[in-house]
$ cat target.pdb   # PDB, C-alpha atoms
ATOM      1  CA  ARG A   1     111.751 107.914 103.185
ATOM      2  CA  ARG A   2     110.657 104.323 102.513
ATOM      3  CA  LEU A   3     108.028 105.447 100.028
ATOM      4  CA  LEU A   4     110.388 107.736  98.103
ATOM      5  CA  PRO A   5     111.898 105.000  95.844
ATOM      6  CA  TYR A   6     108.382 104.170  94.656
ATOM      7  CA  VAL A   7     107.631 107.845  93.907
ATOM      8  CA  ARG A   8     110.931 108.749  92.196
ATOM      9  CA  PRO A   9     110.078 107.214  88.774
ATOM     10  CA  TYR A  10     107.105 109.584  88.544
ATOM     11  CA  ARG A  11     108.849 112.838  89.432
ATOM     12  CA  GLY A  12     107.692 114.368  86.122
ATOM     13  CA  LEU A  13     104.067 113.832  87.096
ATOM     14  CA  VAL A  14     104.835 115.183  90.570
ATOM     15  CA  ALA A  15     106.268 118.383  89.050
ATOM     16  CA  ALA A  16     103.214 118.788  86.797
ATOM     17  CA  THR A  17     100.935 118.284  89.797
ATOM     18  CA  LEU A  18     102.835 120.908  91.792
ATOM     19  CA  ALA A  19     102.569 123.421  88.938
ATOM     20  CA  LEU A  20      98.810 122.912  88.623
ATOM     21  CA  THR A  21      98.480 123.147  92.392
ATOM     22  CA  LEU A  22     100.201 126.546  92.493
ATOM     23  CA  LEU A  23      97.995 127.886  89.691
ATOM     24  CA  GLY A  24      94.917 126.588  91.508
ATOM     25  CA  ALA A  25      96.006 128.340  94.702
ATOM     26  CA  LEU A  26      96.277 131.630  92.827
ATOM     27  CA  THR A  27      92.813 131.308  91.257
ATOM     28  CA  ALA A  28      91.336 130.531  94.691
ATOM     29  CA  GLN A  29      92.155 134.096  95.804
ATOM     30  CA  VAL A  30      90.060 135.732  93.063
ATOM     31  CA  ASN A  31      86.785 135.739  95.019
ATOM     32  CA  PRO A  32      87.957 138.039  97.872
ATOM     33  CA  PHE A  33      89.236 140.629  95.382
ATOM     34  CA  VAL A  34      86.045 140.491  93.322
ATOM     35  CA  LEU A  35      83.846 140.793  96.406
ATOM     36  CA  ARG A  36      85.805 143.766  97.748
ATOM     37  CA  TYR A  37      85.559 145.517  94.395
ATOM     38  CA  ALA A  38      81.827 144.761  94.159
ATOM     39  CA  VAL A  39      81.024 146.062  97.657
ATOM     40  CA  ASN A  40      83.056 149.242  97.251
ATOM     41  CA  THR A  41      81.633 149.951  93.779
ATOM     42  CA  VAL A  42      78.055 149.312  94.899
ATOM     43  CA  GLN A  43      78.590 151.621  97.847
ATOM     44  CA  GLN A  44      79.844 154.358  95.486
ATOM     45  CA  LEU A  45      76.857 153.888  93.158
ATOM     46  CA  VAL A  46      74.421 154.138  96.054
ATOM     47  CA  GLN A  47      76.113 157.261  97.408
ATOM     48  CA  ALA A  48      75.996 158.809  93.918
ATOM     49  CA  GLY A  49      72.272 158.038  93.700
ATOM     50  CA  GLN A  50      72.639 155.967  90.520
ATOM     51  CA  GLY A  51      71.045 152.823  91.936
ATOM     52  CA  THR A  52      70.670 150.045  89.354
ATOM     53  CA  ARG A  53      71.240 152.393  86.398
ATOM     54  CA  GLY A  54      75.008 152.172  86.638
ATOM     55  CA  ALA A  55      75.150 148.583  87.834
ATOM     56  CA  THR A  56      74.762 146.708  84.529
ATOM     57  CA  HIS A  57      78.413 146.951  83.582
ATOM     58  CA  LEU A  58      79.452 146.020  87.140
ATOM     59  CA  LEU A  59      77.237 142.915  87.233
ATOM     60  CA  LEU A  60      78.421 141.712  83.832
ATOM     61  CA  LEU A  61      82.067 142.250  84.795
ATOM     62  CA  ILE A  62      81.737 140.436  88.122
ATOM     63  CA  GLY A  63      79.756 137.576  86.596
ATOM     64  CA  GLY A  64      82.262 137.180  83.762
ATOM     65  CA  ILE A  65      85.262 137.136  86.099
ATOM     66  CA  LEU A  66      83.706 134.597  88.476
ATOM     67  CA  LEU A  67      82.546 132.358  85.642
ATOM     68  CA  GLY A  68      85.950 132.481  83.949
ATOM     69  CA  LYS A  69      87.669 131.741  87.243
ATOM     70  CA  GLU A  70      85.480 128.682  87.828
ATOM     71  CA  LEU A  71      86.150 127.349  84.336
ATOM     72  CA  VAL A  72      89.905 127.732  84.737
ATOM     73  CA  ASN A  73      89.782 126.264  88.236
ATOM     74  CA  SER A  74      87.778 123.235  87.017
ATOM     75  CA  LEU A  75      90.457 122.462  84.412
ATOM     76  CA  LEU A  76      93.248 122.873  86.958
ATOM     77  CA  VAL A  77      91.518 120.642  89.515
ATOM     78  CA  PHE A  78      90.870 117.983  86.884
ATOM     79  CA  GLY A  79      94.513 117.927  85.786
ATOM     80  CA  GLN A  80      95.835 117.937  89.328
ATOM     81  CA  LYS A  81      93.559 115.113  90.458
ATOM     82  CA  TYR A  82      94.177 113.055  87.322
ATOM     83  CA  PHE A  83      97.968 113.277  87.643
ATOM     84  CA  GLY A  84      97.720 112.550  91.361
ATOM     85  CA  GLU A  85      95.535 109.522  90.736
ATOM     86  CA  GLU A  86      97.962 108.240  88.086
ATOM     87  CA  ILE A  87     100.766 108.454  90.650
ATOM     88  CA  ARG A  88      98.644 106.737  93.293
ATOM     89  CA  VAL A  89      97.621 103.797  91.081
ATOM     90  CA  ALA A  90     101.157 103.245  89.792
ATOM     91  CA  ILE A  91     102.657 103.238  93.284
ATOM     92  CA  SER A  92      99.898 100.941  94.570
ATOM     93  CA  SER A  93     100.725  98.384  91.880
ATOM     94  CA  ALA A  94     104.447  98.580  92.650
ATOM     95  CA  LEU A  95     103.899  98.157  96.400
ATOM     96  CA  SER A  96     101.580  95.164  95.949
ATOM     97  CA  GLN A  97     103.983  93.444  93.565
ATOM     98  CA  ASP A  98     106.918  94.103  95.891
ATOM     99  CA  ALA A  99     104.949  92.567  98.763
ATOM    100  CA  VAL A 100     104.257  89.428  96.694
ATOM    101  CA  ARG A 101     107.927  89.113  95.761
ATOM    102  CA  ARG A 102     109.067  89.456  99.353
ATOM    103  CA  LEU A 103     106.516  87.004 100.745
ATOM    104  CA  LEU A 104     107.599  84.369  98.236
ATOM    105  CA  SER A 105     111.218  84.783  99.334
ATOM    106  CA  TYR A 106     110.664  84.012 103.026
ATOM    107  CA  ARG A 107     111.493  80.682 104.674
ATOM    108  CA  LEU A 108     108.785  78.444 106.105
ATOM    109  CA  GLY A 109     109.900  79.406 109.597
ATOM    110  CA  PHE A 110     108.624  82.909 108.966
ATOM    111  CA  TYR A 111     105.077  81.613 108.453
ATOM    112  CA  ALA A 112     105.296  79.311 111.472
ATOM    113  CA  ASP A 113     105.734  82.301 113.782
ATOM    114  CA  ALA A 114     102.529  83.052 115.735
ATOM    115  CA  HIS A 115     103.031  86.733 114.953
ATOM    116  CA  ASN A 116     102.799  85.925 111.243
ATOM    117  CA  GLN A 117      99.542  84.019 111.089
ATOM    118  CA  THR A 118      97.603  84.279 107.825
ATOM    119  CA  GLY A 119      94.982  86.719 109.115
ATOM    120  CA  LYS A 120      97.584  89.001 110.658
ATOM    121  CA  LEU A 121      99.687  89.036 107.491
ATOM    122  CA  GLN A 122      96.634  89.756 105.375
ATOM    123  CA  THR A 123      95.632  92.649 107.628
ATOM    124  CA  ARG A 124      99.141  94.114 107.516
ATOM    125  CA  LEU A 125      99.304  93.863 103.743
ATOM    126  CA  ASP A 126      95.804  95.137 102.993
ATOM    127  CA  LYS A 127      95.814  97.906 105.588
ATOM    128  CA  GLY A 128      99.428  98.794 104.809
ATOM    129  CA  VAL A 129      98.856  99.274 101.078
ATOM    130  CA  ASP A 130      95.615 101.164 101.771
ATOM    131  CA  ALA A 131      97.403 103.390 104.280
ATOM    132  CA  LEU A 132     100.252 104.164 101.905
ATOM    133  CA  MET A 133      97.805 104.920  99.106
ATOM    134  CA  LYS A 134      96.028 107.261 101.477
ATOM    135  CA  LEU A 135      99.354 108.972 102.072
ATOM    136  CA  VAL A 136      99.954 109.395  98.329
ATOM    137  CA  GLN A 137      96.361 110.591  97.902
ATOM    138  CA  ASP A 138      96.809 113.169 100.639
ATOM    139  CA  LEU A 139     100.207 114.363  99.416
ATOM    140  CA  PHE A 140      99.601 114.698  95.697
ATOM    141  CA  ILE A 141      95.844 115.226  95.469
ATOM    142  CA  ASP A 142      94.708 116.857  98.712
ATOM    143  CA  ILE A 143      97.494 118.273 100.873
ATOM    144  CA  MET A 144      99.457 120.287  98.303
ATOM    145  CA  PRO A 145      96.446 122.345  97.125
ATOM    146  CA  LEU A 146      95.454 123.039 100.726
ATOM    147  CA  VAL A 147      98.947 124.149 101.753
ATOM    148  CA  ALA A 148      99.286 126.306  98.638
ATOM    149  CA  ASN A 149      95.877 127.942  99.176
ATOM    150  CA  ALA A 150      96.601 128.743 102.809
ATOM    151  CA  LEU A 151     100.079 130.153 102.109
ATOM    152  CA  VAL A 152      98.965 132.290  99.157
ATOM    153  CA  ALA A 153      96.018 133.652 101.166
ATOM    154  CA  LEU A 154      98.347 134.516 104.075
ATOM    155  CA  VAL A 155     100.759 136.307 101.752
ATOM    156  CA  VAL A 156      97.896 138.299 100.230
ATOM    157  CA  MET A 157      96.681 139.275 103.714
ATOM    158  CA  PHE A 158     100.126 140.481 104.786
ATOM    159  CA  VAL A 159     100.673 142.417 101.577
ATOM    160  CA  ALA A 160      97.263 144.066 101.893
ATOM    161  CA  ASN A 161      97.531 144.877 105.608
ATOM    162  CA  GLY A 162     100.180 143.733 108.074
ATOM    163  CA  TYR A 163      97.961 144.081 111.164
ATOM    164  CA  VAL A 164      95.278 141.819 109.722
ATOM    165  CA  GLY A 165      97.936 139.356 108.572
ATOM    166  CA  LEU A 166      99.389 139.154 112.076
ATOM    167  CA  THR A 167      95.909 138.560 113.475
ATOM    168  CA  ALA A 168      95.478 135.584 111.128
ATOM    169  CA  VAL A 169      98.945 134.185 111.871
ATOM    170  CA  ALA A 170      98.254 134.312 115.624
ATOM    171  CA  LEU A 171      95.621 131.627 115.058
ATOM    172  CA  LEU A 172      98.028 129.102 113.496
ATOM    173  CA  PRO A 173     100.049 128.090 116.613
ATOM    174  CA  VAL A 174      96.776 127.257 118.384
ATOM    175  CA  TYR A 175      95.723 124.964 115.530
ATOM    176  CA  PHE A 176      99.094 123.234 115.295
ATOM    177  CA  GLY A 177      99.369 122.886 119.064
ATOM    178  CA  LEU A 178      95.952 121.249 119.310
ATOM    179  CA  SER A 179      96.748 118.844 116.461
ATOM    180  CA  TYR A 180     100.091 117.876 117.966
ATOM    181  CA  TRP A 181      98.468 117.250 121.337
ATOM    182  CA  GLN A 182      95.743 115.211 119.652
ATOM    183  CA  GLY A 183      98.318 113.091 117.813
ATOM    184  CA  ARG A 184     100.233 112.389 121.033
ATOM    185  CA  ARG A 185      97.053 111.325 122.807
ATOM    186  CA  LEU A 186      95.912 109.005 120.012
ATOM    187  CA  GLY A 187      99.250 107.367 119.128
ATOM    188  CA  PRO A 188      99.054 104.491 121.656
ATOM    189  CA  VAL A 189      95.331 104.044 120.954
ATOM    190  CA  ARG A 190      95.934 103.557 117.225
ATOM    191  CA  HIS A 191      98.692 101.042 117.895
ATOM    192  CA  GLU A 192      96.395  99.047 120.176
ATOM    193  CA  MET A 193      93.607  99.180 117.576
ATOM    194  CA  ARG A 194      95.919  97.826 114.879
ATOM    195  CA  LEU A 195      96.915  94.864 117.035
ATOM    196  CA  LEU A 196      93.285  94.132 117.927
ATOM    197  CA  ARG A 197      92.224  94.254 114.257
ATOM    198  CA  GLU A 198      95.012  91.868 113.322
ATOM    199  CA  GLU A 199      93.952  89.509 116.114
ATOM    200  CA  LYS A 200      90.298  89.767 115.128
ATOM    201  CA  ASN A 201      90.906  89.065 111.430
ATOM    202  CA  SER A 202      93.273  86.231 112.222
ATOM    203  CA  GLY A 203      90.696  84.688 114.541
ATOM    204  CA  LEU A 204      87.975  84.864 111.892
ATOM    205  CA  LEU A 205      90.173  83.158 109.279
ATOM    206  CA  ASN A 206      91.125  80.470 111.798
ATOM    207  CA  LEU A 207      87.432  79.866 112.521
ATOM    208  CA  ILE A 208      86.747  79.271 108.852
ATOM    209  CA  ASP A 209      89.789  77.051 108.349
ATOM    210  CA  ALA A 210      89.135  75.014 111.502
ATOM    211  CA  ALA A 211      85.328  74.839 111.294
ATOM    212  CA  VAL A 212      85.306  71.020 111.102
ATOM    213  CA  VAL A 213      87.633  70.670 114.108
ATOM    214  CA  ILE A 214      85.637  73.199 116.163
ATOM    215  CA  LYS A 215      82.379  71.359 115.558
ATOM    216  CA  SER A 216      83.981  67.970 116.180
ATOM    217  CA  PHE A 217      85.084  69.060 119.656
ATOM    218  CA  VAL A 218      81.939  71.149 120.342
ATOM    219  CA  ARG A 219      83.927  74.367 120.861
ATOM    220  CA  GLU A 220      81.421  76.747 119.261
ATOM    221  CA  GLY A 221      80.606  78.489 122.541
ATOM    222  CA  TYR A 222      84.251  78.954 123.494
ATOM    223  CA  GLU A 223      85.203  80.381 120.101
ATOM    224  CA  GLU A 224      82.206  82.725 120.119
ATOM    225  CA  GLN A 225      83.122  84.071 123.550
ATOM    226  CA  LYS A 226      86.737  84.527 122.451
ATOM    227  CA  GLN A 227      85.728  86.565 119.404
ATOM    228  CA  ASN A 228      83.190  88.542 121.430
ATOM    229  CA  ALA A 229      85.861  89.499 123.960
ATOM    230  CA  LEU A 230      88.088  90.792 121.142
ATOM    231  CA  GLN A 231      85.183  92.716 119.642
ATOM    232  CA  GLN A 232      84.390  94.363 122.974
ATOM    233  CA  GLN A 233      88.011  95.437 123.406
ATOM    234  CA  LEU A 234      87.967  96.862 119.885
ATOM    235  CA  ARG A 235      84.721  98.721 120.619
ATOM    236  CA  VAL A 236      86.188 100.336 123.743
ATOM    237  CA  VAL A 237      89.308 101.471 121.844
ATOM    238  CA  GLN A 238      87.237 102.827 118.938
ATOM    239  CA  LEU A 239      84.982 104.827 121.256
ATOM    240  CA  ALA A 240      88.002 106.230 123.108
ATOM    241  CA  MET A 241      89.503 107.397 119.818
ATOM    242  CA  ARG A 242      86.231 108.962 118.644
ATOM    243  CA  LYS A 243      85.763 110.741 121.976
ATOM    244  CA  THR A 244      89.242 112.274 121.780
ATOM    245  CA  ASN A 245      88.654 113.358 118.170
ATOM    246  CA  PHE A 246      85.325 114.988 119.043
ATOM    247  CA  VAL A 247      86.892 116.979 121.890
ATOM    248  CA  PHE A 248      89.763 118.291 119.784
ATOM    249  CA  ASP A 249      87.508 119.008 116.790
ATOM    250  CA  GLY A 250      85.383 121.198 119.053
ATOM    251  CA  LEU A 251      88.449 123.053 120.325
ATOM    252  CA  LYS A 252      89.674 123.666 116.766
ATOM    253  CA  THR A 253      86.265 124.969 115.683
ATOM    254  CA  PHE A 254      86.236 127.366 118.642
ATOM    255  CA  ALA A 255      89.736 128.599 117.743
ATOM    256  CA  GLU A 256      88.675 129.149 114.129
ATOM    257  CA  GLN A 257      85.591 131.148 115.098
ATOM    258  CA  LEU A 258      87.697 133.183 117.514
ATOM    259  CA  GLY A 259      89.965 134.031 114.583
ATOM    260  CA  VAL A 260      86.988 135.159 112.484
ATOM    261  CA  ALA A 261      85.800 137.376 115.343
ATOM    262  CA  LEU A 262      89.246 138.937 115.708
ATOM    263  CA  ILE A 263      89.469 139.634 111.963
ATOM    264  CA  VAL A 264      86.008 141.245 111.918
ATOM    265  CA  VAL A 265      86.803 143.413 114.950
ATOM    266  CA  THR A 266      90.228 144.427 113.570
ATOM    267  CA  THR A 267      88.967 145.298 110.085
ATOM    268  CA  ALA A 268      85.892 147.115 111.445
ATOM    269  CA  TYR A 269      88.138 149.255 113.626
ATOM    270  CA  LEU A 270      90.410 150.063 110.670
ATOM    271  CA  VAL A 271      87.345 150.967 108.558
ATOM    272  CA  LEU A 272      86.135 153.336 111.262
ATOM    273  CA  ALA A 273      89.657 154.803 111.465
ATOM    274  CA  GLY A 274      89.534 155.473 107.737
ATOM    275  CA  GLN A 275      92.382 153.068 106.893
ATOM    276  CA  LEU A 276      90.214 150.472 105.102
ATOM    277  CA  SER A 277      87.091 150.522 102.967
ATOM    278  CA  LEU A 278      83.810 148.777 103.802
ATOM    279  CA  GLY A 279      84.538 146.094 101.218
ATOM    280  CA  ASP A 280      87.778 145.246 103.001
ATOM    281  CA  ILE A 281      85.821 143.619 105.833
ATOM    282  CA  MET A 282      84.448 140.931 103.516
ATOM    283  CA  PHE A 283      87.783 140.827 101.674
ATOM    284  CA  TYR A 284      89.699 139.824 104.802
ATOM    285  CA  VAL A 285      86.988 137.503 106.113
ATOM    286  CA  LEU A 286      87.080 135.566 102.832
ATOM    287  CA  LEU A 287      90.879 135.500 102.875
ATOM    288  CA  LEU A 288      90.783 134.171 106.432
ATOM    289  CA  HIS A 289      88.393 131.486 105.240
ATOM    290  CA  ASN A 290      90.926 130.631 102.514
ATOM    291  CA  VAL A 291      93.474 130.160 105.305
ATOM    292  CA  THR A 292      91.416 128.380 107.959
ATOM    293  CA  ALA A 293      89.406 126.046 105.702
ATOM    294  CA  PRO A 294      92.548 124.417 104.233
ATOM    295  CA  ILE A 295      94.187 124.316 107.666
ATOM    296  CA  ARG A 296      91.100 122.635 109.123
ATOM    297  CA  GLN A 297      91.274 119.974 106.412
ATOM    298  CA  LEU A 298      95.035 119.669 106.851
ATOM    299  CA  HIS A 299      94.616 118.884 110.521
ATOM    300  CA  GLN A 300      92.000 116.258 109.716
ATOM    301  CA  MET A 301      94.535 114.735 107.317
ATOM    302  CA  TYR A 302      97.238 115.008 109.979
ATOM    303  CA  ASP A 303      95.073 112.838 112.186
ATOM    304  CA  GLU A 304      94.604 110.391 109.312
ATOM    305  CA  LEU A 305      98.331 110.372 108.568
ATOM    306  CA  ASN A 306      99.078 109.349 112.141
ATOM    307  CA  GLU A 307      96.882 106.305 111.520
ATOM    308  CA  VAL A 308      98.599 105.807 108.155
ATOM    309  CA  HIS A 309     101.945 105.693 109.966
ATOM    310  CA  THR A 310     100.680 102.943 112.254
ATOM    311  CA  TYR A 311      99.721 100.608 109.404
ATOM    312  CA  SER A 312     102.494 101.552 106.957
ATOM    313  CA  GLU A 313     105.095 100.855 109.641
ATOM    314  CA  ALA A 314     103.738  97.325 110.020
ATOM    315  CA  PHE A 315     103.706  96.913 106.222
ATOM    316  CA  PHE A 316     107.344  97.904 105.744
ATOM    317  CA  THR A 317     108.385  95.837 108.753
ATOM    318  CA  LEU A 318     106.854  92.867 106.974
ATOM    319  CA  LEU A 319     108.733  93.666 103.760
ATOM    320  CA  GLU A 320     112.024  94.116 105.615
ATOM    321  CA  ALA A 321     111.789  91.039 107.843
ATOM    322  CA  ASP A 322     114.999  89.020 108.356
ATOM    323  CA  ALA A 323     113.513  85.860 106.880
ATOM    324  CA  ALA A 324     114.509  86.099 103.216
ATOM    325  CA  VAL A 325     116.380  83.212 101.637
TER     326      VAL A 325
END

$ encode --input "target.pdb" --output "structure tokens"
Amino acid sequence: RRLLPYVRPYRGLVAATLALTLLGALTAQVNPFVLRYAVNTVQQLVQAGQGTRGATHLLLLIGGILLGKELVNSLLVFGQKYFGEEIRVAISSALSQDAVRRLLSYRLGFYADAHNQTGKLQTRLDKGVDALMKLVQDLFIDIMPLVANALVALVVMFVANGYVGLTAVALLPVYFGLSYWQGRRLGPVRHEMRLLREEKNSGLLNLIDAAVVIKSFVREGYEEQKQNALQQQLRVVQLAMRKTNFVFDGLKTFAEQLGVALIVVTTAYLVLAGQLSLGDIMFYVLLLHNVTAPIRQLHQMYDELNEVHTYSEAFFTLLEADAAV
């Protein structure tokens, strides 16, 4: 909501990015269809005893389709990333300039507050702008193509075979549940890490500014111990966050592989029952990959976006402080 006013002037670029994203999602589904056709045709040629004699046309057709698809996809990806980057850079400039304007409008009492020391303000501004740019990057360059790819692949699976589509959909609540649980576990940890980083950066700037005073009163040992204590707290929090991420990443990988196994078993059974062809096994496995690979990346971004929220909240709190003249 707070970022929307900065995005609104570029809604034309956003619409162009969305259009390219949808086209890219459609081209991403070409490979499963080509592979199914190739496997089924090769099987027919082998059964007919033609071997490589009838395969020349097939190989040229498949190669031409895949090459053409890659060329089109390269152009779509370039356009989508370029427009997304243009949006990101423009919004970054606007946010930075708005931060400068707001900081210049605050009374001196704002800067006298211990919560608003130079190092802490710098951390909030730098990390806040970086976090918001990460959000724009994810939304307009990374997330939209992933969501589109996953949705189009799911639709194709359901249209082709409802049973296989339901098998794929059954995997999604597990993924989303694990990600939600992970976000709840890491929320307080991220908040604590932000405060420790602000304290650490503020302490380092104070050391530089007060170097003469510190040496005059022989406080080098005290200041070193103080910074070391902060660093150790930060290390403990970082390790706790990494440990939680590793556990949930393992659970998500297991869920994904379970989904692949279910798809293989389901399609193999339907092939044996005469409802699907041999090429359909690879067709549905590739479609499942087109669903799970984007979802896996989306959940990694979801974890990043939780961190983005932590720093962007501090950034906008700074911009909306009740200290303006």

$ axis_aligned_box --input "target.pdb" --around "stretch 218-236 of chain A" --padding-each-side "5 Å" --output "AutoDock Vina command-line options"
--center_x 84.3 --center_y 85.7 --center_z 121.6 --size_x 17.5 --size_y 39.2 --size_z 14.7

$ closest_atom_pairs --input "target.pdb" --of "stretch 203-313 of chain A" --to "stretch 155-177 of chain A" --cutoff "12 Å" --atoms "only C-alpha atoms" --output "Markdown table"
| residue | atom | partner | partner_atom | distance |
| --- | --- | --- | --- | --- |
| A:Phe248 | CA | A:Tyr175 | CA | 9.9 |
| A:Asp249 | CA | A:Tyr175 | CA | 10.2 |
| A:Gly250 | CA | A:Tyr175 | CA | 11.6 |
| A:Leu251 | CA | A:Tyr175 | CA | 8.9 |
| A:Lys252 | CA | A:Tyr175 | CA | 6.3 |
| A:Thr253 | CA | A:Tyr175 | CA | 9.5 |
| A:Phe254 | CA | A:Tyr175 | CA | 10.3 |
| A:Ala255 | CA | A:Leu171 | CA | 7.1 |
| A:Glu256 | CA | A:Leu171 | CA | 7.4 |
| A:Gln257 | CA | A:Leu171 | CA | 10.0 |
| A:Leu258 | CA | A:Leu171 | CA | 8.4 |
| A:Gly259 | CA | A:Leu171 | CA | 6.2 |
| A:Val260 | CA | A:Ala168 | CA | 8.6 |
| A:Ala261 | CA | A:Thr167 | CA | 10.3 |
| A:Leu262 | CA | A:Thr167 | CA | 7.0 |
| A:Ile263 | CA | A:Val164 | CA | 6.6 |
| A:Val264 | CA | A:Val164 | CA | 9.5 |
| A:Val265 | CA | A:Val164 | CA | 10.1 |
| A:Thr266 | CA | A:Val164 | CA | 6.9 |
| A:Thr267 | CA | A:Val164 | CA | 7.2 |
| A:Ala268 | CA | A:Val164 | CA | 10.9 |
| A:Tyr269 | CA | A:Val164 | CA | 11.0 |
| A:Leu270 | CA | A:Val164 | CA | 9.6 |
| A:Gln275 | CA | A:Asn161 | CA | 9.8 |
| A:Leu276 | CA | A:Asn161 | CA | 9.2 |
| A:Asp280 | CA | A:Ala160 | CA | 9.6 |
| A:Ile281 | CA | A:Val164 | CA | 10.4 |
| A:Phe283 | CA | A:Met157 | CA | 9.3 |
| A:Tyr284 | CA | A:Met157 | CA | 7.1 |
| A:Val285 | CA | A:Val164 | CA | 10.0 |
| A:Leu286 | CA | A:Met157 | CA | 10.3 |
| A:Leu287 | CA | A:Met157 | CA | 7.0 |
| A:Leu288 | CA | A:Ala168 | CA | 6.8 |
| A:His289 | CA | A:Ala168 | CA | 10.1 |
| A:Asn290 | CA | A:Met157 | CA | 10.5 |
| A:Val291 | CA | A:Ala168 | CA | 8.2 |
| A:Thr292 | CA | A:Leu172 | CA | 8.7 |
| A:Ala293 | CA | A:Tyr175 | CA | 11.7 |
| A:Pro294 | CA | A:Leu172 | CA | 11.7 |
| A:Ile295 | CA | A:Tyr175 | CA | 8.0 |
| A:Arg296 | CA | A:Tyr175 | CA | 8.2 |
| A:Gln297 | CA | A:Tyr175 | CA | 11.3 |
| A:Leu298 | CA | A:Phe176 | CA | 10.0 |
| A:His299 | CA | A:Phe176 | CA | 7.9 |
| A:Gln300 | CA | A:Tyr175 | CA | 11.1 |
| A:Tyr302 | CA | A:Phe176 | CA | 10.0 |
| A:Asp303 | CA | A:Phe176 | CA | 11.6 |

$ closest_residue --input "target.pdb" --among "A:Phe78, A:Tyr311, A:Tyr6, A:Phe33" --to "A:Arg194" --atoms "all atoms listed in the file"
A:Tyr311

$ resolve_selection --input "target.pdb" --expression "the PyMOL selection byres ((chain A and resi 193) around 10)" --output "list in words"
Pro188, Val189, Arg190, His191, Glu192, Arg194, Leu195, Leu196, Arg197, Glu198, Glu199, Gln233, Leu234, Arg235, Val236, Val237, Gln238, Met241, Glu307 and Thr310 of chain A

$ atom_distance --input "target.pdb" --atom1 "atom CA of A:Gln97" --atom2 "atom CA of A:Leu125"
11.2 Å

$ closest_residue --input "target.pdb" --among "A:Leu139, A:Lys120, A:Leu108, A:Asp126" --to "A:Glu85" --atoms "only C-alpha atoms"
A:Leu139

$ decode --input "target.pdb" --residues "stretch 42-46 of chain A" --atoms "all heavy atoms" --output "mmCIF file, in the first residue's frame"
data_model
loop_
_atom_site.group_PDB
_atom_site.id
_atom_site.type_symbol
_atom_site.label_atom_id
_atom_site.label_comp_id
_atom_site.auth_asym_id
_atom_site.auth_seq_id
_atom_site.Cartn_x
_atom_site.Cartn_y
_atom_site.Cartn_z
ATOM 1 N N VAL A 42 8.417 -41.690 -31.756
ATOM 2 C CA VAL A 42 9.552 -42.621 -31.783
ATOM 3 C C VAL A 42 9.083 -44.032 -31.485
ATOM 4 O O VAL A 42 9.514 -45.004 -32.117
ATOM 5 C CB VAL A 42 10.632 -42.176 -30.786
ATOM 6 C CG1 VAL A 42 11.669 -43.279 -30.583
ATOM 7 C CG2 VAL A 42 11.311 -40.902 -31.271
ATOM 8 N N GLN A 43 8.181 -44.155 -30.512
ATOM 9 C CA GLN A 43 7.653 -45.479 -30.191
ATOM 10 C C GLN A 43 6.930 -46.087 -31.394
ATOM 11 O O GLN A 43 7.089 -47.275 -31.694
ATOM 12 C CB GLN A 43 6.691 -45.373 -29.002
ATOM 13 C CG GLN A 43 6.160 -46.729 -28.533
ATOM 14 C CD GLN A 43 5.149 -46.582 -27.412
ATOM 15 O OE1 GLN A 43 4.566 -45.522 -27.232
ATOM 16 N NE2 GLN A 43 4.948 -47.654 -26.661
ATOM 17 N N GLN A 44 6.157 -45.280 -32.120
ATOM 18 C CA GLN A 44 5.459 -45.769 -33.313
ATOM 19 C C GLN A 44 6.437 -46.183 -34.415
ATOM 20 O O GLN A 44 6.244 -47.203 -35.086
ATOM 21 C CB GLN A 44 4.514 -44.691 -33.828
ATOM 22 C CG GLN A 44 3.349 -44.386 -32.896
ATOM 23 C CD GLN A 44 2.553 -43.176 -33.349
ATOM 24 O OE1 GLN A 44 2.806 -42.625 -34.417
ATOM 25 N NE2 GLN A 44 1.587 -42.759 -32.526
ATOM 26 N N LEU A 45 7.510 -45.401 -34.593
ATOM 27 C CA LEU A 45 8.508 -45.732 -35.608
ATOM 28 C C LEU A 45 9.214 -47.043 -35.277
ATOM 29 O O LEU A 45 9.479 -47.866 -36.156
ATOM 30 C CB LEU A 45 9.533 -44.595 -35.731
ATOM 31 C CG LEU A 45 9.020 -43.280 -36.341
ATOM 32 C CD1 LEU A 45 10.093 -42.197 -36.249
ATOM 33 C CD2 LEU A 45 8.598 -43.489 -37.791
ATOM 34 N N VAL A 46 9.525 -47.230 -34.011
ATOM 35 C CA VAL A 46 10.196 -48.464 -33.590
ATOM 36 C C VAL A 46 9.277 -49.658 -33.798
ATOM 37 O O VAL A 46 9.697 -50.717 -34.277
ATOM 38 C CB VAL A 46 10.649 -48.355 -32.114
ATOM 39 C CG1 VAL A 46 11.145 -49.713 -31.611
ATOM 40 C CG2 VAL A 46 11.743 -47.309 -31.968
#
